[in-house]
Each structure stands twice: as structure tokens, then as C-alpha cells.
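run02.txt (compact mmCIF, C-alpha atoms and all ligand atoms)
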```
# COMPACT_ATOMS: atom_id res chain seq x y z
CA MET G 96 0.00 0.00 0.00
CA GLU G 97 3.10 2.15 -0.13
CA LYS G 98 1.96 4.20 -3.10
CA PHE G 99 -1.15 5.29 -1.19
CA GLU G 100 0.71 6.55 1.89
CA THR G 101 0.17 10.12 2.94
CA ASN G 102 0.42 12.30 6.01
CA LEU G 103 -1.75 14.95 7.55
CA ALA G 104 -0.35 17.46 10.01
CA GLY G 105 2.72 15.22 10.19
CA ILE G 106 0.63 12.16 11.07
CA GLN G 107 1.62 9.26 8.87
CA LEU G 108 -1.31 7.43 7.25
CA GLU G 109 -1.14 4.07 5.51
CA HIS G 110 -3.37 5.45 2.76
CA PHE G 111 -5.54 8.45 2.05
CA ILE G 112 -9.11 7.21 2.68
CA MET G 113 -10.94 7.51 6.00
CA ASN G 114 -14.45 7.82 7.39
CA ALA G 115 -15.95 11.30 7.79
CA ALA G 116 -17.31 12.63 11.08
CA GLY G 117 -20.88 11.60 11.79
CA THR G 118 -20.41 8.05 10.54
CA CYS G 119 -18.88 6.44 13.64
CA LYS G 120 -21.78 5.85 15.98
CA THR G 121 -20.71 6.58 19.53
CA LEU G 122 -24.09 7.40 21.05
CA GLU G 123 -24.41 3.88 22.43
CA GLY G 124 -20.75 3.52 23.39
CA GLU G 125 -17.48 2.51 21.80
CA GLU G 126 -19.18 0.18 19.32
CA GLY G 127 -18.59 2.56 16.42
CA VAL G 128 -14.84 2.48 16.96
CA LYS G 129 -14.85 -1.30 17.43
CA ARG G 130 -16.58 -1.64 14.06
CA LEU G 131 -14.24 0.77 12.30
CA ILE G 132 -11.04 -0.88 13.54
CA LYS G 133 -12.18 -3.95 11.60
CA SER G 134 -12.28 -1.89 8.43
CA ASN G 135 -9.49 -0.64 6.23
CA THR G 136 -10.01 3.04 7.04
CA SER G 137 -6.62 4.71 7.46
CA ALA G 138 -7.74 6.75 10.48
CA ILE G 139 -10.82 6.69 12.66
CA MET G 140 -12.85 9.87 12.91
CA VAL G 141 -15.28 10.04 15.84
CA GLY G 142 -17.79 12.79 16.70
CA SER G 143 -18.86 15.42 16.27
CA PHE G 144 -19.29 15.72 19.97
CA THR G 145 -20.51 18.59 22.10
CA LEU G 146 -20.08 19.60 25.73
CA GLU G 147 -23.55 18.38 26.72
CA GLU G 148 -24.98 15.02 25.77
CA ARG G 149 -27.52 15.32 22.90
CA THR G 150 -30.13 12.85 21.73
CA GLY G 151 -30.23 14.59 18.35
CA ASN G 152 -33.24 15.56 16.26
CA SER G 153 -36.26 13.28 16.00
CA GLY G 154 -38.34 11.89 13.15
CA ASN G 155 -36.87 10.95 9.81
CA VAL G 156 -33.36 12.40 10.11
CA TYR G 157 -31.46 10.57 7.34
CA ASP G 158 -32.77 9.65 3.91
CA GLY G 159 -32.08 10.09 0.25
CA ARG G 160 -31.88 8.43 -3.12
CA LYS G 161 -29.03 5.93 -3.27
CA GLY G 162 -26.60 6.83 -6.02
CA LEU G 163 -27.85 10.44 -6.17
CA PHE G 164 -27.87 12.17 -2.81
CA SER G 165 -28.51 11.93 0.90
CA LEU G 166 -30.16 14.44 3.20
CA ASN G 167 -29.67 14.54 6.94
CA SER G 168 -30.69 16.48 9.97
CA MET G 169 -29.21 14.33 12.71
CA GLY G 170 -28.82 17.28 15.07
CA LEU G 171 -25.50 16.25 16.62
CA PRO G 172 -26.51 13.12 18.53
CA ASN G 173 -23.60 12.31 20.84
CA PRO G 174 -22.91 11.23 24.41
CA GLY G 175 -21.24 14.50 25.44
CA ALA G 176 -17.97 15.53 27.03
CA ASP G 177 -18.26 13.44 30.20
CA TYR G 178 -18.53 10.29 28.12
CA TYR G 179 -15.48 11.24 26.06
CA ARG G 180 -13.49 12.10 29.17
CA GLU G 181 -14.07 8.57 30.40
CA HIS G 182 -13.95 6.56 27.18
CA LEU G 183 -11.64 8.38 24.80
CA PRO G 184 -8.43 6.82 26.19
CA GLU G 185 -9.84 3.34 25.49
CA MET G 186 -10.99 4.36 21.99
CA VAL G 187 -7.51 5.69 21.28
CA LYS G 188 -5.91 2.54 22.66
CA ILE G 189 -7.90 0.11 20.52
CA SER G 190 -7.40 2.28 17.43
CA HIS G 191 -3.65 2.51 17.98
CA GLU G 192 -3.41 -1.23 18.53
CA LYS G 193 -4.67 -1.57 14.96
CA GLY G 194 -2.22 1.06 13.75
CA LYS G 195 -4.93 3.65 13.15
CA PRO G 196 -4.72 7.23 14.44
CA LEU G 197 -7.88 8.43 16.17
CA PHE G 198 -9.27 11.80 15.12
CA VAL G 199 -12.00 13.60 17.06
CA SER G 200 -14.49 16.05 15.60
CA VAL G 201 -15.75 18.63 18.08
CA ALA G 202 -18.64 21.08 17.80
CA GLY G 203 -18.90 23.96 20.24
CA PHE G 204 -21.70 26.48 20.50
CA THR G 205 -19.22 29.16 21.67
CA PRO G 206 -15.48 29.71 21.10
CA ASP G 207 -14.80 28.63 24.69
CA GLU G 208 -16.64 25.37 24.13
CA TYR G 209 -14.47 24.60 21.10
CA ALA G 210 -11.43 25.27 23.30
CA GLU G 211 -12.64 23.03 26.12
CA LEU G 212 -13.61 20.19 23.78
CA SER G 213 -10.25 20.37 22.00
CA PHE G 214 -8.41 20.34 25.29
CA LEU G 215 -10.19 17.29 26.64
CA SER G 216 -9.83 15.43 23.34
CA LEU G 217 -6.08 15.99 23.28
CA LYS G 218 -5.87 15.02 26.93
CA GLY G 219 -7.70 11.79 26.08
CA GLY G 220 -5.03 10.99 23.51
CA ALA G 221 -6.68 12.03 20.21
CA ASP G 222 -4.16 12.38 17.40
CA LEU G 223 -5.96 15.24 15.65
CA ILE G 224 -8.91 17.47 16.47
CA GLU G 225 -11.29 18.49 13.72
CA LEU G 226 -13.14 21.67 14.68
CA ASN G 227 -16.54 21.27 13.07
CA LEU G 228 -17.29 24.86 12.06
CA SER G 229 -20.06 23.76 9.73
CA CYS G 230 -22.87 21.78 11.35
CA PRO G 231 -26.04 22.84 9.53
CA ASN G 232 -28.58 21.04 11.70
CA ALA G 233 -28.63 22.55 15.18
CA TRP G 234 -32.11 23.95 15.85
CA GLN G 235 -33.40 25.47 19.06
CA ASP G 236 -36.95 26.73 19.59
CA GLY G 237 -37.54 26.71 15.82
CA GLN G 238 -34.41 28.81 15.21
CA GLN G 239 -31.42 27.50 13.32
CA LYS G 240 -28.08 28.07 15.04
CA HIS G 241 -25.35 29.94 13.18
CA ILE G 242 -22.96 28.00 10.99
CA ALA G 243 -19.67 29.31 12.36
CA CYS G 244 -17.56 29.10 9.20
CA PHE G 245 -19.70 31.67 7.38
CA ASP G 246 -18.61 34.31 9.90
CA PRO G 247 -14.89 35.07 9.50
CA LEU G 248 -14.71 37.05 12.75
CA LEU G 249 -16.23 34.17 14.67
CA VAL G 250 -13.77 31.74 13.03
CA GLU G 251 -10.92 34.03 14.11
CA GLU G 252 -12.23 34.10 17.67
CA ILE G 253 -12.67 30.31 17.81
CA LEU G 254 -9.12 29.76 16.57
CA ARG G 255 -7.79 32.29 19.09
CA CYS G 256 -9.59 30.59 22.00
CA VAL G 257 -8.54 27.09 20.96
CA GLU G 258 -4.93 28.19 20.52
CA GLU G 259 -4.91 29.83 23.93
CA ARG G 260 -6.18 26.59 25.51
CA VAL G 261 -4.16 23.93 23.65
CA GLY G 262 -1.15 25.81 22.25
CA GLN G 263 -0.14 26.56 18.69
CA LYS G 264 1.53 23.21 18.11
CA ALA G 265 -1.63 21.13 18.64
CA LYS G 266 -2.78 19.17 15.61
CA ILE G 267 -5.91 21.05 14.66
CA ALA G 268 -8.07 20.73 11.57
CA VAL G 269 -11.11 22.80 10.65
CA LYS G 270 -14.08 21.51 8.67
CA LEU G 271 -15.89 24.00 6.45
CA SER G 272 -19.24 24.17 4.71
CA PRO G 273 -19.40 24.66 0.96
CA PHE G 274 -19.17 28.36 0.06
CA SER G 275 -21.18 29.58 -2.89
CA ASN G 276 -19.57 33.03 -2.63
CA PRO G 277 -15.92 32.78 -3.77
CA SER G 278 -14.89 36.00 -1.98
CA LYS G 279 -16.29 34.70 1.31
CA LEU G 280 -14.36 31.47 0.86
CA ASN G 281 -11.24 33.50 0.28
CA GLU G 282 -11.92 35.69 3.32
CA VAL G 283 -12.23 32.68 5.61
CA ALA G 284 -9.18 31.08 3.99
CA GLN G 285 -7.20 34.25 4.83
CA VAL G 286 -8.25 34.00 8.48
CA ILE G 287 -7.29 30.33 8.60
CA GLY G 288 -4.05 30.93 6.73
CA ARG G 289 -3.00 33.61 9.24
CA SER G 290 -3.45 31.17 12.12
CA GLU G 291 -0.46 28.96 12.81
CA LEU G 292 -2.82 26.70 14.75
CA VAL G 293 -4.60 25.14 11.78
CA LYS G 294 -2.66 22.33 10.08
CA VAL G 295 -5.47 20.79 8.03
CA VAL G 296 -8.61 22.07 6.31
CA VAL G 297 -11.39 19.59 5.62
CA SER G 298 -13.84 20.55 2.92
CA MET G 299 -16.64 20.08 2.81
CA ASN G 300 -19.50 19.49 5.17
CA THR G 301 -23.01 18.99 3.76
CA PHE G 302 -24.69 21.77 1.77
CA PRO G 303 -27.03 23.43 4.32
CA ASN G 304 -30.79 23.70 4.05
CA ALA G 305 -31.55 21.51 1.08
CA PHE G 306 -35.09 20.20 0.81
CA THR G 307 -37.13 17.57 -0.95
CA TYR G 308 -40.51 15.84 -0.68
CA ASN G 309 -41.19 12.17 -0.14
CA GLU G 310 -43.60 10.06 -2.24
CA SER G 311 -46.57 11.32 -0.20
CA GLY G 312 -45.74 14.96 -0.81
CA LYS G 313 -44.45 15.50 2.75
CA PRO G 314 -40.96 16.85 3.54
CA LEU G 315 -38.56 13.91 3.29
CA ILE G 316 -36.71 14.98 6.45
CA THR G 317 -38.69 15.82 9.60
CA PRO G 318 -36.75 18.43 11.63
CA GLY G 319 -36.41 22.04 10.51
CA GLY G 320 -39.48 21.74 8.30
CA GLY G 321 -37.42 19.42 6.09
CA LEU G 322 -34.41 21.72 5.63
CA SER G 323 -31.38 19.48 5.85
CA GLY G 324 -27.76 18.88 4.84
CA LEU G 325 -27.26 17.64 1.28
CA ALA G 326 -24.51 15.10 0.62
CA GLY G 327 -23.67 12.30 -1.80
CA PRO G 328 -22.85 12.23 -5.52
CA ALA G 329 -24.94 15.34 -6.28
CA ILE G 330 -22.42 17.55 -4.48
CA LYS G 331 -19.15 16.14 -5.80
CA PRO G 332 -18.39 18.90 -8.33
CA ILE G 333 -19.00 21.47 -5.57
CA GLY G 334 -16.55 19.64 -3.32
CA LEU G 335 -13.89 19.55 -6.00
CA GLY G 336 -14.39 23.27 -6.62
CA GLN G 337 -14.01 24.04 -2.92
CA ILE G 338 -10.74 22.12 -2.67
CA LYS G 339 -9.40 23.74 -5.84
CA GLN G 340 -10.16 27.23 -4.50
CA LEU G 341 -8.85 26.46 -1.01
CA ARG G 342 -5.61 25.07 -2.42
CA ALA G 343 -5.10 28.33 -4.26
CA SER G 344 -5.94 30.49 -1.21
CA LEU G 345 -4.25 28.68 1.66
CA PRO G 346 -0.53 28.45 2.44
CA ASP G 347 1.16 25.18 1.37
CA ARG G 348 1.80 24.17 4.98
CA ILE G 349 -1.94 23.55 5.40
CA ASP G 350 -3.02 20.11 4.19
CA LEU G 351 -6.41 19.62 2.55
CA VAL G 352 -8.85 16.77 3.00
CA GLY G 353 -11.60 16.38 0.39
CA VAL G 354 -15.09 15.17 1.27
CA GLY G 355 -18.25 15.12 -0.78
CA GLY G 356 -19.89 12.65 -3.11
CA ILE G 357 -17.16 10.06 -3.38
CA VAL G 358 -18.54 6.86 -4.88
CA THR G 359 -15.71 5.49 -7.02
CA ALA G 360 -11.92 5.28 -6.94
CA GLU G 361 -11.92 7.80 -9.78
CA ASP G 362 -13.73 10.29 -7.52
CA ILE G 363 -10.93 9.91 -4.98
CA LEU G 364 -8.30 10.56 -7.64
CA ASP G 365 -10.21 13.68 -8.70
CA TYR G 366 -9.97 15.05 -5.15
CA LEU G 367 -6.23 14.32 -5.09
CA ARG G 368 -5.80 16.03 -8.48
CA VAL G 369 -7.35 19.27 -7.26
CA GLY G 370 -5.09 19.37 -4.21
CA ALA G 371 -6.39 17.10 -1.43
CA LYS G 372 -3.89 14.90 0.41
CA ALA G 373 -6.60 12.61 1.76
CA VAL G 374 -10.34 12.06 1.49
CA GLN G 375 -13.20 11.23 3.81
CA VAL G 376 -16.35 9.29 2.98
CA ALA G 377 -19.75 9.53 4.62
CA THR G 378 -22.77 8.77 2.41
CA ILE G 379 -21.13 5.84 0.57
CA PHE G 380 -19.92 4.43 3.90
CA LEU G 381 -23.41 4.67 5.40
CA ASP G 382 -24.88 3.06 2.26
CA ARG G 383 -22.37 0.28 1.82
CA GLY G 384 -20.59 -0.29 5.15
CA ILE G 385 -17.01 -0.96 6.19
CA GLU G 386 -16.07 -2.98 3.10
CA ILE G 387 -16.03 0.21 1.06
CA PHE G 388 -12.41 0.98 2.06
CA ASN G 389 -11.17 -2.37 0.71
CA GLU G 390 -13.15 -1.88 -2.46
CA PHE G 391 -11.64 1.56 -3.07
CA LEU G 392 -8.12 0.30 -2.39
CA PHE G 393 -8.62 -2.67 -4.70
CA ASP G 394 -9.86 -0.42 -7.51
CA LEU G 395 -7.06 2.10 -6.93
CA SER G 396 -4.43 -0.65 -7.11
CA ALA G 397 -5.46 -1.26 -10.69
CA LYS G 398 -4.88 2.39 -11.59
CA ASP G 399 -1.77 4.37 -12.31
CA ILE G 400 -1.34 6.89 -9.54
CA ILE G 401 1.64 8.99 -8.76
O1 LIG X 501 -25.39 16.06 13.28
C1 LIG X 501 -25.72 16.58 12.20
O2 LIG X 501 -26.89 16.82 11.89
C2 LIG X 501 -24.70 16.97 11.22
C3 LIG X 501 -23.50 17.54 11.54
BR1 LIG X 501 -22.94 17.79 13.27
C4 LIG X 501 -22.62 17.97 10.52
O3 LIG X 501 -21.54 18.51 10.74
N1 LIG X 501 -23.04 17.81 9.25
C5 LIG X 501 -24.23 17.24 8.93
O4 LIG X 501 -24.55 17.10 7.74
N2 LIG X 501 -25.04 16.81 9.93
```
Show the structure stored in the file as C-alpha cells.
Amino acid sequence: MEKFETNLAGIQLEHFIMNAAGTCKTLEGEEGVKRLIKSNTSAIMVGSFTLEERTGNSGNVYDGRKGLFSLNSMGLPNPGADYYREHLPEMVKISHEKGKPLFVSVAGFTPDEYAELSFLSLKGGADLIELNLSCPNAWQDGQQKHIACFDPLLVEEILRCVEERVGQKAKIAVKLSPFSNPSKLNEVAQVIGRSELVKVVVSMNTFPNAFTYNESGKPLITPGGGLSGLAGPAIKPIGLGQIKQLRASLPDRIDLVGVGGIVTAEDILDYLRVGAKAVQVATIFLDRGIEIFNEFLFDLSAKDII
């Protein structure tokens, strides 16, 4: 697998394909990690997790048309910081025993929460923290919470607070939403590029507030009146465009991870061609399960890659 080796933030990876946040189920315990260590993912991404435990949104929260798109409004279901404080060391241990780094995605509702969550994840032994600046599905009293990455000043403040708490050398990634406004993407990239804290940018999260009806003419997804995060093959060209723009805007020292609509080995190569060093998969993993990593690696072996 030598030709697939890569590294992110100086962390050596056996190959460049891993699961995306939101796909490793930790609500019921460490089972998600135990399942993923049996797979051929190169790293294990857990979370996103929040300070408080959350049951997540209710009703139909994940659906779609296989091969076209998925929609979700999970609403950050996770067992909260206390659970991670207790169980993260064991998750890290079993991942490391299988030679897989453990990455943790954290989602704060304030800059201080991002700082606290990063601190406790690093203390628990996580190899990399992914600051989820792009969750589209947090609703409270009928109001949708801000998506942090669309506010450059807020991003700056989050990075400042996290750096103050964990130090500049910590291995920190940020995960962004897709930007439809190129100047806004560039503005946020400038903020990130100025921070020595960020070593990796992950793009992209789901496209916020998509909507469709089911066969009975009702919103397909229940929470938020049906407004939900769009993922899957439909968004791949957007994902490639985000990585291409980010590669042009960010300093070379920042590694890029591409996510969005990967279904085939060719899709992975496309992300690498536009500047990603690794990729994450969500929808295809949820559709097809842990075997997907082996299938990608098998298909890639048959191709000429540099
Ligand atoms: O939990 C979710 O609803 C969710 C999150 Br945190 C995220 O970052 N992206 C997404 O599509 N769903």
C-alpha cells in the first residue's frame, strides 16, 4: 500500500481514505470504533461531539436516493464531554493497537466550548482534532443556530480561544461548509491561513438547508421543516471546486482533505488532483458499510497513480 501513503499534520497514514465525522456511531458507546477498527479506514474519525450530551433531532433524520444524494438532519446526537473524558483513552488505545490514528471532531456552541472540547480530546489521547465549524442542523426553539464558518470574525475568535487553551503546536483541523460566494471562501481562507494553529482544512460538510418531498408529498426529512444537509454524488463537483479554491488560497503548509460525493476510486483521484492529500467518505460508507475501504483500495491498485 506504499503508493497510497500520505500524512496529515505530520501524522503518517497508511493510505488516504478515512471515514468522515458523523459516521462512527458513539451514542451507544465505543461500538462505532470497534466496528471501524475492523475496516481498512486509514484513520478513525469520531464525533462530532458537544459539551452536553444530545439525543439529536427526532423523526426521519437521514434519507435520500441511493446513487444520487442523501439528506440529513441528525442534530448532533452524541454522548457529550463526560462520556469522552471517560472513554476516549480506550478508543484511542484500541485504534492505535490496529495502527490507526484516532481523530475527534468537536462542535462547540461558543469559542470557549471549542477550546474546552479540543483540550479534553487531546488530553484523552486524540491524534488530531477536527473543529466542526459547519454543522447545519442545530435547531433550538424553531431557530437554526449559526454556521460558524460563514462568519470570518467568529472563526478568528474560535481559533484564538482554541490556541490559547491547547497551544499553537496542537494538531488542529477545521471543517468547512461549501461556500457559494468565492470571496467569502477567500476571506475565511485568509483568516485560517493567518493562524499557525490550523494544520489541516477539511472541505466540505453537507450543503445546508436543502429540501425535498417524499412520495406522499411530505418533507422527506422531519426536523427544521425538512431543511437538511445535502450530501452524496450530487455535491461532488461542488466539493472539488471548494478544494481547488482552497488550495489556491491557503498556504502550502496547510493540508487539505476532500469530502463530498465520493462513490468510485476515480472520484478519490479527482480530489487528489485538485489538491487534497486525503479524502473522507460519509454517504457511501453509510450506504455500503465498512467494506467500502477495501473496495476503493482494490480499484485504486489497478490504476496508475503517482
Ligand atoms: O449532526 C448533524 O446533523 C450533522 C452535523 Br454535526 C454535521 O456537521 N453535518 C451534517 O450534515 N449533519
Using all atoms listed in the file, which residues sit within 8 Å of Asn152 (chain G) once same-chain residues fewer than 3 positions away are excluded, as a list of chain:residue names?
->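 Returned residues: G:Val156, G:Ser168, G:Met169, G:Gly170, G:Leu171, G:Pro172, G:Pro318.
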Mind listing the residues within 8 Å of ligand LIG 501 (chain X), all atoms listed in the file counted, as number ranges by chain?
-> G: 116-117, 142-144, 151-152, 166-172, 202, 227-233, 300-303, 323-326
Here CA of Val352 (chain G) and CA of Asn155 (chain G) stand apart by 29.4 Å
Nearest residue to Thr359 (chain G) from the set G:Glu310, G:Ile112, G:Leu226, G:Arg160 (distances using only C-alpha atoms) |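 Of the candidates, the smallest distance to Thr359 (chain G) is held by G:Ile112.
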Within 10 Å of Ala176 (chain G) using all atoms listed in the file, minus same-chain residues under 5 positions, as a ChimeraX atom specification | /G:144-148,181-183,201,211-212,215-216
Using CA of Ile379 (chain G) and CA of Ser137 (chain G) as the two end points, give the distance in Å to one decimal.
->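 We find that CA of Ile379 (chain G) and CA of Ser137 (chain G) lie 16.1 Å from each other.
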Contact residues around Ile333 (chain G) with all atoms listed in the file at 12 Å, ignoring same-chain residues under 2 positions, as a PyMOL selection string = chain G and resi 272-277+298-302+325-331+335-340+353-357+366+369
Hey, which of G:Thr136, G:Val187, G:Leu103, G:Ser311 ends up closest to Val296 (chain G)? Count only C-alpha atoms.
-> G:Leu103
Please write out, as JSON, where the centre of an axis-aligned box around all listed atoms of region 146-154 of chain G lies and how long its edges are, in Å to one decimal, after adding 4 Å on each side.
```
{"center_x": -29.2, "center_y": 15.7, "center_z": 19.9, "size_x": 26.3, "size_y": 15.7, "size_z": 21.6}
```
Closest of G:Lys188, G:His241, G:Arg255, G:Lys193 to Ile287 (chain G), counting all atoms listed in the file, is G:Arg255
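From CA of Lys266 (chain G) back to CA of Thr101 (chain G), the distance works out to 15.8 Å.
Closest approach to Asn173 (chain G) from the set G:Glu125, G:Asp399, G:Asp222, G:Glu252 is made by G:Glu125, with distances taken over all atoms listed in the file.
Of the listed residues (G:Ser278, G:Leu271, G:Pro314, G:His110), G:Leu271 comes nearest to Gly334 (chain G); the distances count only C-alpha atoms.
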For Gly220 (chain G), the closest of G:Leu364, G:Val257, G:Val199, G:Leu392 counting all atoms listed in the file is G:Val199
Excluding Gly105 (chain G) and any residue of its chain fewer than 5 positions from it, enumerate the residues within 12 Å of it, using all atoms listed in the file, and give them as a ChimeraX atom specification.
-> /G:196,222-223,264-267,294-295,348-350,372
Selected residues, C-alpha atoms, written as a PDB file, keeping the file's coordinate frame, please.
```
ATOM      1  CA  PRO G 196      -4.720   7.230  14.440  1.00  0.00           C
ATOM      2  CA  ASP G 222      -4.160  12.380  17.400  1.00  0.00           C
ATOM      3  CA  LEU G 223      -5.960  15.240  15.650  1.00  0.00           C
ATOM      4  CA  LYS G 264       1.530  23.210  18.110  1.00  0.00           C
ATOM      5  CA  ALA G 265      -1.630  21.130  18.640  1.00  0.00           C
ATOM      6  CA  LYS G 266      -2.780  19.170  15.610  1.00  0.00           C
ATOM      7  CA  ILE G 267      -5.910  21.050  14.660  1.00  0.00           C
ATOM      8  CA  LYS G 294      -2.660  22.330  10.080  1.00  0.00           C
ATOM      9  CA  VAL G 295      -5.470  20.790   8.030  1.00  0.00           C
ATOM     10  CA  ARG G 348       1.800  24.170   4.980  1.00  0.00           C
ATOM     11  CA  ILE G 349      -1.940  23.550   5.400  1.00  0.00           C
ATOM     12  CA  ASP G 350      -3.020  20.110   4.190  1.00  0.00           C
ATOM     13  CA  LYS G 372      -3.890  14.900   0.410  1.00  0.00           C
TER      14      LYS G 372
END
```
